[in-house]
Amino acid sequence: MVFSWRGGPESRRLLLSILFLSAWEVGSGQLRYSVPEEAKHGTFVGRIAQDLGLELAELVPRLFRVASKGRGDLLEVNLQNGILFVNSRIDREELCGRSAECSVHLEVIVDRPLQVFHVEVEVRDINDNPPVFPATQKNLFIAESRPLDSRFPLEGAWDADVGANALLTYRLSPSEYFSLDIPPNHEQVKPLGLVLRKPLDREAASEHSLLLVATDGGKPELTGTVQVLITVLDANDNAPVFDRTLYTVRLAENVSIGTRVINLNASDLDEGVNGDIAYSFSSDVSADVKSKFHVDAVSGEITVTGLIDFEESKTYKIQVEAVDTGFPPLAGHCTVLVEVVDVNDNAPQLTVKTLWLPVKEDAQVGTVIALISVTDLDTGTNGQVTCSLSPHVPFKLVSTFKNYYSLLLDSALDRETISDYQLVVTARDGGSPALSATASVSVEVADVNDNAPVFAQPEYTVFVRENNPPGSHIFTVSARDADAQENARVSYSLVERRVGERALSSYVSVHAESGRVYALQPLDHEELELLQFQVSARDAGVPVLGSNVTLQVFVLDENDNAPALLESGISGAGGMVSGLVPTSVGPGHVVAKVRAVDADSGYNAWLSYELQPASGSVRIPFRVGLYTGEISTTRILDEADAPRHRLLVLVKDHGEPALMATATVMVSLVESGQAPKASSRGSVGLAGSGAALVDINVYLIIAICAVSSLLVLALLLYTALRCSASPTVGAGGLGKPMLVCSSAVGSWSYSQQRRLRESSGEGPPKTDLMAFSPGLPPCPVSADGAEEPPVLMDSSSKPLVSMVVYPYDSST
């Protein structure tokens with residue numbers, strides 16, 4: 001086998017460098033092999049893997065494959081040793097016809113990374129076709145009166161081979177009457193001819209049989225023969241003569257039927273019937289010529305009768321004879337050479353071979369998506385083709401070889417923006433008018449997991465009433481993932497942490513698919529006022545992406561705790577409050593005080609005190625403060641009053657329904673001097689009680705002023721934060737709110753506070769103040785996800801003003 005390179009030593013070195021450094025480009029050289037036609041199966045062609053700089057061990061992993069245009073089974077590569085060999089019979093004449101050059105173009109493709117090599121395998125001609133004459137016998141009729149040196153044309157032989165194998169030499173069997181006239185090489189259009197060397201005598205020899213042998217230039221030589229039978233005729237002395245023996249005509253392809261090619265003219269010196277001439281095609285003219293041309297027997301005009309296609313045949317050689325009507329008839333001969341002129345009648349043809357579909361949206365710029373080849377059957381400018389691509393973004397066409405292009409990724413893809421592209425490749429030739437062809441390439445963009453699930457907002461506030469049923473639905477979280485299929489399938493889970501001494505998962509759970517959040521047990525406002533936790537949303541892509549959302553679940557108070565009485569410092573036995581009252585005291589004297597607390601909060605913890613009326617119509621000289629629980633005299637006591645009074649005090653909260661407790665107060669009347677110690681102790685007690693009340697009022701005023709100041713400060717801070725970029729609040733950034741309610745009568749009641757431990761950062765908490773006005777109530781999220789304005793009402797159906805104070809960490 002012969003291995004050759006186009007280009008000099010510099011081209012070889014350049015090509016070798018490019019083969020190692022480039023994935024698909026070809027340098028100035030081209031890898032070429034040659035193989036003779038008719039080679040046996042398995043014939044060695046070349047070590048293609050070694051010549052391309054590829055290791056044998058990487059052929060299979062890199063998906064080494066060979067593709068050829070047209071018949072793809074002629075040549076094959078052994079992946080074990082990297083040898084290119086003949087796979088099936090190669091017939092050069094069948095593959096390339098009469099073309100002087102014949103080669104098989106191969107595309108060698110390897111992946112990881114993608115590389116495309118172009119290899120040409122030249123098919124060398126061997127002398128496997130003998131010369132063939134149009135017929136096995138040629139009959140000539142020659143008048144005996146023909147002068148010496150008369151020439152009689154013969155149709156030469158045809159050899160399917162090319163080059164030296166098709167160079168024919170002729171020899172004629174020995175004859176004293178005829179010799180063979182062989183035209184020189186530059187006049188090969190001129191046919192062979194028999195030349196009369198000795199006058200004929202029909203009486204001496206009426207027939208002459210000659211053998212014409214054609215020998216080609218191959219090794220070994222092959223020959224073809226034709227028997228020439230010459231019949232000697234008597235009579236007619238002058239044959240018709242054309243004014244020229246060779247006519248050359250240029251004819252455009254695709255001319256219409258009936259187009260005139262040429263008008264032939266022959267003359268005969270004879271007169272009468274011997275001078276009348278009829279034109280016809282020679283018997284040696286092929287059927288193809290007869291189907292495309294017609295000669296008028298009288299006028300000698302040749303016209304077109306069939307399709308003239310430059311791509312089918314570039315020239316037509318027509319043998320025409322003019323025969324007179326004498327006896328014997330004499331004939332003159334000429335040759336008409338029709339040269340077909342190419343016109344732009346063939347549009348380009350596109351072949352698209354996709355390599356990497358669908359394309360991942362994270363594919364690197366420069367990724368080869370498809371290989372495109374284009375052909376045009378026309379020649380010259382009509383066969384020069386250029387390709388263009390629309391739309392241009394984000395792809396481009398790059399020419400890798402003559403009439404071969406690669407479709408490359410030119411910029412980054414984003415499936416969430418555009419999921420598929422409809423590309424149109426247009427091939428246009430250089431003819432006038434230009435012809436074009438288009439091919440559509442559908443490029444689908446495959447999704448990669450590059451988008452994390454996203455919640456509509458980073459934090460949700462949920463209000464749930466305490467004592468909810470176990471397993472009740474309190475909220476639904478939902479996250480959206482812009483990816484597709486598995487990459488967009490979102491699952492939800494809790495971000496586990498400790499809530500006090502218990503795990504978060506003992507309080508709530510979240511459904512992995514729907515995102516519905518359930519309370520696993522009844523919530524107790526007195527135990528847990530705020531439950532803050534995070535829900536995580538994760539997709540099913542690789543790698544897994546996710547995000548978190550914070551839920552603040554406020555447990556709203558229900559009136560589920562009755563007022564509880566506190567032990568008084570002057571309590572008697574049995575839990576009753578007792579007191580000694582001198583008979584000399586005036587109205588408003590504080591006798592005793594009932595103390596009670598309510599574990600609830602807000603209106604549910606706002607207590608009022610009532611004195612149950614005595615049985616009968618007896619009016620007792622005592623009253624109880626509605627909100628203080630202080631029992632005082634209503635008038636001056638005298639001896640007419642009973643010495644002992646049993647008072648029943650009813651303590652009620654303002655919940656719905658209201659819960660209550662009762663306290664029994666025993667009041668004994670004594671003379672002013674009988675109980676100095678008791679009076680002293682009572683005075684001390686009352687003085688202490690009065691001082692305590694003064695202190696409580698002072699503290700209450702201070703608290704109201706502080707809360708008002710905090711409200712103003714919070715509004716200023718809120719305005720400043722709204723005007724600037726607010727920082728992200730972490731999961732543990734907010735602390736337990738403190739709810740302070742203002743009653744309809746203007747006094748303040750404080751609910752019993754419980755600390756809620758949260759996983760916040762170290763450091764002293766500060767306070768944010770959020771005030772809800774009865775006229776413009778906030779709209780918290782209810783248990784079913786809808787928004788409900790939480791308007792808190794007291795027992796008189798008057799709205800309360802509530803303030804929620806949030807501790808926050810200054811570091812967040």
# chains A, B, ... in the order shown; residues from 1 in each chain; ligands from 1

call {"tool": "residues_around", "arguments": {"residues": "range 236-240 of chain A", "least_positions_apart": "3", "cutoff": "12 Å", "atoms": "only C-alpha atoms", "output": "ChimeraX atom specification"}}
result
/A:141-147,150-152,232-233,243-245,265-279,320-334

call {"tool": "select_by_dssp", "arguments": {"residues": "range 449-568 of chain A", "states": "helix (DSSP H, G or I)", "output": "VMD selection string"}}
result
chain A and resid 485 to 488 504 to 506

call {"tool": "residues_around", "arguments": {"residues": "range 617-629 of chain A", "least_positions_apart": "5", "cutoff": "7 Å", "atoms": "only C-alpha atoms", "output": "ChimeraX atom specification"}}
result
/A:593-595,607-611,634-635

call {"tool": "residues_around", "arguments": {"residues": "His105 in chain A", "least_positions_apart": "3", "cutoff": "9 Å", "atoms": "only C-alpha atoms", "output": "PyMOL selection string"}}
result
chain A and resi 67-69+118-122

call {"tool": "closest_residue", "arguments": {"among": "A:Gln30, A:Arg497, A:Lys292, A:Gln612", "to": "Lys402 in chain A", "atoms": "only C-alpha atoms"}}
result
A:Gln30

call {"tool": "closest_residue", "arguments": {"among": "A:Ala482, A:Ile126, A:Val477, A:Val66", "to": "Leu545 in chain A", "atoms": "only C-alpha atoms"}}
result
A:Ala482

call {"tool": "atom_distance", "arguments": {"atom1": "CA of Val508 in chain A", "atom2": "CA of Leu530 in chain A"}}
result
12.9 Å

call {"tool": "select_by_dssp", "arguments": {"residues": "range 149-354 of chain A", "states": "strand (DSSP E)", "output": "PyMOL selection string"}}
result
chain A and resi 151-154+169-172+178-181+192-196+207-215+223-233+241-242+246-252+260-263+266-267+277-281+293-295+301-304+315-324+331-341+349-354

call {"tool": "closest_atom_pairs", "arguments": {"of": "range 353-441 of chain A", "to": "range 294-317 of chain A", "cutoff": "12 Å", "atoms": "only C-alpha atoms", "output": "JSON lines"}}
result
{"residue": "A:Asp376", "atom": "CA", "partner": "A:Glu311", "partner_atom": "CA", "distance": 10.4}
{"residue": "A:Leu377", "atom": "CA", "partner": "A:Glu311", "partner_atom": "CA", "distance": 6.7}
{"residue": "A:Asp378", "atom": "CA", "partner": "A:Glu311", "partner_atom": "CA", "distance": 7.0}
{"residue": "A:Thr379", "atom": "CA", "partner": "A:Glu311", "partner_atom": "CA", "distance": 8.8}
{"residue": "A:Gly383", "atom": "CA", "partner": "A:Glu311", "partner_atom": "CA", "distance": 11.4}

call {"tool": "write_last_selection", "arguments": {"atoms": "N, CA, C and O atoms", "output": "PDB file, in the first residue's frame"}}
result
ATOM      1  N   ASP A 376     -22.752  19.831  -4.620  1.00  0.00           N
ATOM      2  CA  ASP A 376     -23.447  20.444  -5.752  1.00  0.00           C
ATOM      3  C   ASP A 376     -22.934  19.765  -7.006  1.00  0.00           C
ATOM      4  O   ASP A 376     -21.719  19.722  -7.263  1.00  0.00           O
ATOM      5  N   LEU A 377     -23.850  19.206  -7.785  1.00  0.00           N
ATOM      6  CA  LEU A 377     -23.452  18.445  -8.978  1.00  0.00           C
ATOM      7  C   LEU A 377     -22.938  19.330 -10.086  1.00  0.00           C
ATOM      8  O   LEU A 377     -22.324  18.824 -11.037  1.00  0.00           O
ATOM      9  N   ASP A 378     -23.166  20.642 -10.008  1.00  0.00           N
ATOM     10  CA  ASP A 378     -22.642  21.543 -11.027  1.00  0.00           C
ATOM     11  C   ASP A 378     -21.138  21.713 -10.855  1.00  0.00           C
ATOM     12  O   ASP A 378     -20.541  21.244  -9.869  1.00  0.00           O
ATOM     13  N   THR A 379     -20.517  22.384 -11.815  1.00  0.00           N
ATOM     14  CA  THR A 379     -19.070  22.584 -11.787  1.00  0.00           C
ATOM     15  C   THR A 379     -18.756  24.063 -11.807  1.00  0.00           C
ATOM     16  O   THR A 379     -19.630  24.906 -12.067  1.00  0.00           O
ATOM     17  N   GLY A 383     -20.848  25.317  -8.927  1.00  0.00           N
ATOM     18  CA  GLY A 383     -20.714  24.289  -7.907  1.00  0.00           C
ATOM     19  C   GLY A 383     -20.041  24.754  -6.633  1.00  0.00           C
ATOM     20  O   GLY A 383     -19.825  23.964  -5.720  1.00  0.00           O
TER      21      GLY A 383
END

call {"tool": "residues_around", "arguments": {"residues": "Val510 in chain A", "least_positions_apart": "2", "cutoff": "12 Å", "atoms": "only C-alpha atoms", "output": "NGL selection string"}}
result
:A and (471-478 or 491-496 or 504-508 or 512-520 or 533-537 or 551)

call {"tool": "write_last_selection", "arguments": {"atoms": "C-alpha atoms", "output": "short mmCIF file (atom, residue, chain, number, x, y, z; two decimals), in the first residue's frame"}}
result
data_model
loop_
_atom_site.label_atom_id
_atom_site.label_comp_id
_atom_site.auth_asym_id
_atom_site.auth_seq_id
_atom_site.Cartn_x
_atom_site.Cartn_y
_atom_site.Cartn_z
CA GLY A 471 -52.51 16.27 63.65
CA SER A 472 -54.32 19.44 62.63
CA HIS A 473 -53.12 21.29 59.52
CA ILE A 474 -51.74 24.68 60.44
CA PHE A 475 -50.02 25.91 57.25
CA THR A 476 -48.77 24.93 53.76
CA VAL A 477 -45.38 25.91 52.42
CA SER A 478 -44.67 25.86 48.71
CA SER A 491 -39.51 17.55 48.78
CA TYR A 492 -39.95 19.24 52.14
CA SER A 493 -38.51 18.47 55.57
CA LEU A 494 -38.04 20.06 58.95
CA VAL A 495 -34.71 21.56 59.97
CA GLU A 496 -34.45 19.68 63.24
CA LEU A 504 -38.88 20.08 67.17
CA SER A 505 -40.27 17.00 65.42
CA SER A 506 -42.35 16.21 68.52
CA TYR A 507 -44.31 19.43 67.97
CA VAL A 508 -44.77 19.68 64.20
CA ALA A 512 -42.57 15.68 52.14
CA GLU A 513 -44.53 16.14 48.91
CA SER A 514 -47.34 18.62 49.60
CA GLY A 515 -45.52 20.88 52.10
CA ARG A 516 -48.47 20.78 54.51
CA VAL A 517 -47.39 21.52 58.08
CA TYR A 518 -49.18 19.64 60.86
CA ALA A 519 -49.22 20.15 64.64
CA LEU A 520 -48.59 16.74 66.14
CA PHE A 533 -38.57 26.74 63.02
CA GLN A 534 -37.33 26.27 59.47
CA VAL A 535 -38.67 24.09 56.65
CA SER A 536 -36.18 22.92 54.05
CA ALA A 537 -37.08 22.41 50.36
CA LEU A 551 -42.10 29.81 60.06
#

call {"tool": "closest_residue", "arguments": {"among": "A:Val261, A:Met660, A:Ala157, A:Val591", "to": "Leu212 in chain A", "atoms": "only C-alpha atoms"}}
result
A:Ala157

call {"tool": "closest_residue", "arguments": {"among": "A:Ile257, A:Cys705, A:Leu167, A:Ile83", "to": "Ala214 in chain A", "atoms": "only C-alpha atoms"}}
result
A:Leu167

call {"tool": "residues_around", "arguments": {"residues": "Thr375 in chain A", "least_positions_apart": "3", "cutoff": "10 Å", "atoms": "only C-alpha atoms", "output": "number ranges by chain"}}
result
A: 346-351, 378, 383-385, 402-404, 427, 429

call {"tool": "write_last_selection", "arguments": {"atoms": "N, CA, C and O atoms", "output": "PDB file, in the first residue's frame"}}
result
ATOM      1  N   ASN A 346     -28.589  22.625 -10.719  1.00  0.00           N
ATOM      2  CA  ASN A 346     -28.605  21.717  -9.572  1.00  0.00           C
ATOM      3  C   ASN A 346     -28.426  22.513  -8.292  1.00  0.00           C
ATOM      4  O   ASN A 346     -27.416  23.209  -8.112  1.00  0.00           O
ATOM      5  N   ALA A 347     -29.406  22.411  -7.424  1.00  0.00           N
ATOM      6  CA  ALA A 347     -29.303  23.069  -6.118  1.00  0.00           C
ATOM      7  C   ALA A 347     -28.361  22.276  -5.218  1.00  0.00           C
ATOM      8  O   ALA A 347     -28.197  21.062  -5.383  1.00  0.00           O
ATOM      9  N   PRO A 348     -27.731  22.942  -4.267  1.00  0.00           N
ATOM     10  CA  PRO A 348     -26.867  22.208  -3.321  1.00  0.00           C
ATOM     11  C   PRO A 348     -27.671  21.186  -2.535  1.00  0.00           C
ATOM     12  O   PRO A 348     -28.885  21.333  -2.334  1.00  0.00           O
ATOM     13  N   GLN A 349     -27.001  20.155  -2.079  1.00  0.00           N
ATOM     14  CA  GLN A 349     -27.608  19.105  -1.258  1.00  0.00           C
ATOM     15  C   GLN A 349     -26.906  19.065   0.097  1.00  0.00           C
ATOM     16  O   GLN A 349     -25.677  18.984   0.148  1.00  0.00           O
ATOM     17  N   LEU A 350     -27.708  19.127   1.150  1.00  0.00           N
ATOM     18  CA  LEU A 350     -27.168  19.172   2.519  1.00  0.00           C
ATOM     19  C   LEU A 350     -27.362  17.825   3.201  1.00  0.00           C
ATOM     20  O   LEU A 350     -28.413  17.192   3.055  1.00  0.00           O
ATOM     21  N   THR A 351     -26.348  17.419   3.940  1.00  0.00           N
ATOM     22  CA  THR A 351     -26.431  16.228   4.780  1.00  0.00           C
ATOM     23  C   THR A 351     -26.014  16.621   6.193  1.00  0.00           C
ATOM     24  O   THR A 351     -24.917  17.135   6.405  1.00  0.00           O
ATOM     25  N   ASP A 378     -23.166  20.642 -10.008  1.00  0.00           N
ATOM     26  CA  ASP A 378     -22.642  21.543 -11.027  1.00  0.00           C
ATOM     27  C   ASP A 378     -21.138  21.713 -10.855  1.00  0.00           C
ATOM     28  O   ASP A 378     -20.541  21.244  -9.869  1.00  0.00           O
ATOM     29  N   GLY A 383     -20.848  25.317  -8.927  1.00  0.00           N
ATOM     30  CA  GLY A 383     -20.714  24.289  -7.907  1.00  0.00           C
ATOM     31  C   GLY A 383     -20.041  24.754  -6.633  1.00  0.00           C
ATOM     32  O   GLY A 383     -19.825  23.964  -5.720  1.00  0.00           O
ATOM     33  N   GLN A 384     -19.700  26.060  -6.568  1.00  0.00           N
ATOM     34  CA  GLN A 384     -19.088  26.601  -5.350  1.00  0.00           C
ATOM     35  C   GLN A 384     -20.184  26.993  -4.376  1.00  0.00           C
ATOM     36  O   GLN A 384     -21.040  27.826  -4.684  1.00  0.00           O
ATOM     37  N   VAL A 385     -20.167  26.404  -3.182  1.00  0.00           N
ATOM     38  CA  VAL A 385     -21.264  26.532  -2.231  1.00  0.00           C
ATOM     39  C   VAL A 385     -20.764  27.204  -0.955  1.00  0.00           C
ATOM     40  O   VAL A 385     -19.667  26.912  -0.474  1.00  0.00           O
ATOM     41  N   LYS A 402     -13.176  21.286   2.818  1.00  0.00           N
ATOM     42  CA  LYS A 402     -13.918  21.717   1.639  1.00  0.00           C
ATOM     43  C   LYS A 402     -15.309  21.088   1.660  1.00  0.00           C
ATOM     44  O   LYS A 402     -15.463  19.879   1.652  1.00  0.00           O
ATOM     45  N   ASN A 403     -16.331  21.995   1.721  1.00  0.00           N
ATOM     46  CA  ASN A 403     -17.740  21.591   1.726  1.00  0.00           C
ATOM     47  C   ASN A 403     -18.119  20.779   2.972  1.00  0.00           C
ATOM     48  O   ASN A 403     -19.106  20.041   2.960  1.00  0.00           O
ATOM     49  N   TYR A 404     -17.337  20.920   4.052  1.00  0.00           N
ATOM     50  CA  TYR A 404     -17.672  20.268   5.320  1.00  0.00           C
ATOM     51  C   TYR A 404     -17.680  21.336   6.412  1.00  0.00           C
ATOM     52  O   TYR A 404     -16.775  22.174   6.487  1.00  0.00           O
ATOM     53  N   ALA A 427     -27.573  26.506   2.278  1.00  0.00           N
ATOM     54  CA  ALA A 427     -26.443  26.347   1.362  1.00  0.00           C
ATOM     55  C   ALA A 427     -26.804  27.037   0.053  1.00  0.00           C
ATOM     56  O   ALA A 427     -27.868  26.758  -0.522  1.00  0.00           O
ATOM     57  N   ASP A 429     -25.260  28.271  -3.852  1.00  0.00           N
ATOM     58  CA  ASP A 429     -24.148  28.157  -4.791  1.00  0.00           C
ATOM     59  C   ASP A 429     -23.849  29.505  -5.421  1.00  0.00           C
ATOM     60  O   ASP A 429     -24.535  30.503  -5.177  1.00  0.00           O
TER      61      ASP A 429
END

call {"tool": "residues_around", "arguments": {"residues": "Ser175 in chain A", "least_positions_apart": "6", "cutoff": "12 Å", "atoms": "only C-alpha atoms", "output": "list in words"}}
result
Leu194, Val195, Leu196, Arg197, Lys198, His208, Ser209, Leu210, Leu211, Leu212, Val228 and Ile230 of chain A

call {"tool": "atom_distance", "arguments": {"atom1": "CA of Ser390 in chain A", "atom2": "CA of Leu371 in chain A"}}
result
16.0 Å
